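Undergrad: One structure, pasted below without further comment.
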Amino acid sequence: MANLMTRISRPVALAGGVAAAGLLMALTAAPPAAAAATTTPPECVQYYSSWRYTDVHNGCAVPVAVTVEYTDGQAAPCRVIEPGAWVTFAGYGTQANYVTGLRTCEPATTSGA
């Protein structure tokens, strides 16, 4: 049985490899549906992080729901911040779990009985 690569020209083989690599990159780069729902908040929402607290200020004219992302993937609660208000989240602690940024989120709904 002859080797298939000897029968395919080099440019055709390279083009096929490049197409396969492009497809693989496109499939692995697509974010999951849940991650696609969150976005970076507007620039009027800013945070100030220290080892103990991360303070988030909403300088926007409308309420904004945000969560804080940390280097270790720690989950922060989704909080609605009214215009002009400050909200405090956990800081990065003594283990240097630094804040990587803010994301918009959907606040959990609670039912009152």
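By convention in this document, the chains of the structure tokens carry letters A, B, ... by their order, each chain's residues are numbered from 1, and ligands are numbered from 1 in the order they are shown.
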Determine which residues of stretch 49-95 of chain A receive a DSSP assignment of strand (DSSP E), computed from the backbone, and state them as a list in words.

TA: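 Taking stretch 49-95 of chain A and keeping strand (DSSP E) gives Ser49, Tyr53, Thr54, Asp55, Val56, His57, Asn58, Val64, Ala65, Val66, Thr67, Val68, Glu69, Tyr70, Arg79, Val80, Ile81, Trp86, Val87, Thr88, Phe89 and Ala90 of chain A.
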
Undergrad: What lies within 8 Å of A:Thr104 using only C-alpha atoms, ignoring chain neighbours under 6 positions off, as a PyMOL selection string?

TA: chain A and resi 38-41+64-67

Undergrad: The selected residues should be written to file as a PDB file, in the first residue's frame (atoms: N, CA and C atoms).

TA:
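What landed in again_25.pdb:
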```pdb
ATOM      1  N   THR A  38     -22.350  37.039  30.362  1.00  0.00           N
ATOM      2  CA  THR A  38     -21.744  38.076  31.174  1.00  0.00           C
ATOM      3  C   THR A  38     -20.830  38.936  30.321  1.00  0.00           C
ATOM      4  N   THR A  39     -20.786  40.205  30.669  1.00  0.00           N
ATOM      5  CA  THR A  39     -19.958  41.141  29.933  1.00  0.00           C
ATOM      6  C   THR A  39     -19.223  42.039  30.908  1.00  0.00           C
ATOM      7  N   THR A  40     -18.303  42.797  30.373  1.00  0.00           N
ATOM      8  CA  THR A  40     -17.605  43.781  31.175  1.00  0.00           C
ATOM      9  C   THR A  40     -18.554  44.944  31.432  1.00  0.00           C
ATOM     10  N   PRO A  41     -18.634  45.420  32.681  1.00  0.00           N
ATOM     11  CA  PRO A  41     -19.536  46.539  32.953  1.00  0.00           C
ATOM     12  C   PRO A  41     -19.038  47.826  32.301  1.00  0.00           C
ATOM     13  N   VAL A  64     -26.490  48.866  38.205  1.00  0.00           N
ATOM     14  CA  VAL A  64     -25.702  47.875  37.481  1.00  0.00           C
ATOM     15  C   VAL A  64     -25.484  46.671  38.397  1.00  0.00           C
ATOM     16  N   ALA A  65     -25.680  45.461  37.867  1.00  0.00           N
ATOM     17  CA  ALA A  65     -25.434  44.235  38.629  1.00  0.00           C
ATOM     18  C   ALA A  65     -24.059  43.708  38.241  1.00  0.00           C
ATOM     19  N   VAL A  66     -23.174  43.550  39.236  1.00  0.00           N
ATOM     20  CA  VAL A  66     -21.813  43.097  38.952  1.00  0.00           C
ATOM     21  C   VAL A  66     -21.369  42.018  39.929  1.00  0.00           C
ATOM     22  N   THR A  67     -20.364  41.293  39.512  1.00  0.00           N
ATOM     23  CA  THR A  67     -19.650  40.344  40.351  1.00  0.00           C
ATOM     24  C   THR A  67     -18.163  40.585  40.149  1.00  0.00           C
TER      25      THR A  67
END
```

Undergrad: Could you check which of A:Glu106, A:Tyr92, A:Cys44, A:Val62 is closest to A:Cys78, using only C-alpha atoms?

TA: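 Smallest separation from A:Cys78 among the options: A:Glu106.
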
Undergrad: Got a sec: who's within 9 Å of A:Ala61, counting only C-alpha atoms, leaving out chain neighbours fewer than 5 positions off, as a list in words?

TA: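 Returned residues: Cys44, Glu82, Pro83 and Gly84 of chain A.
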
Undergrad: Write out as a VMD selection string which residues come within 12 Å of A:Arg79 when counting only C-alpha atoms, dropping same-chain ones fewer than 6 positions away.

TA: chain A and resid 55 to 58 63 to 68 85 to 89 102 to 109

Undergrad: At what distance in Å, to one decimal, does atom CA of A:Gly59 lie from atom CA of A:Pro42?

TA: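 Separation of atom CA of A:Pro42 and atom CA of A:Gly59: 9.4 Å.
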
Undergrad: May I ask which of the residues A:Val80, A:Val99, A:Thr71, A:Thr94 is the closest one to A:Ser49, counting only C-alpha atoms?

TA: A:Val99
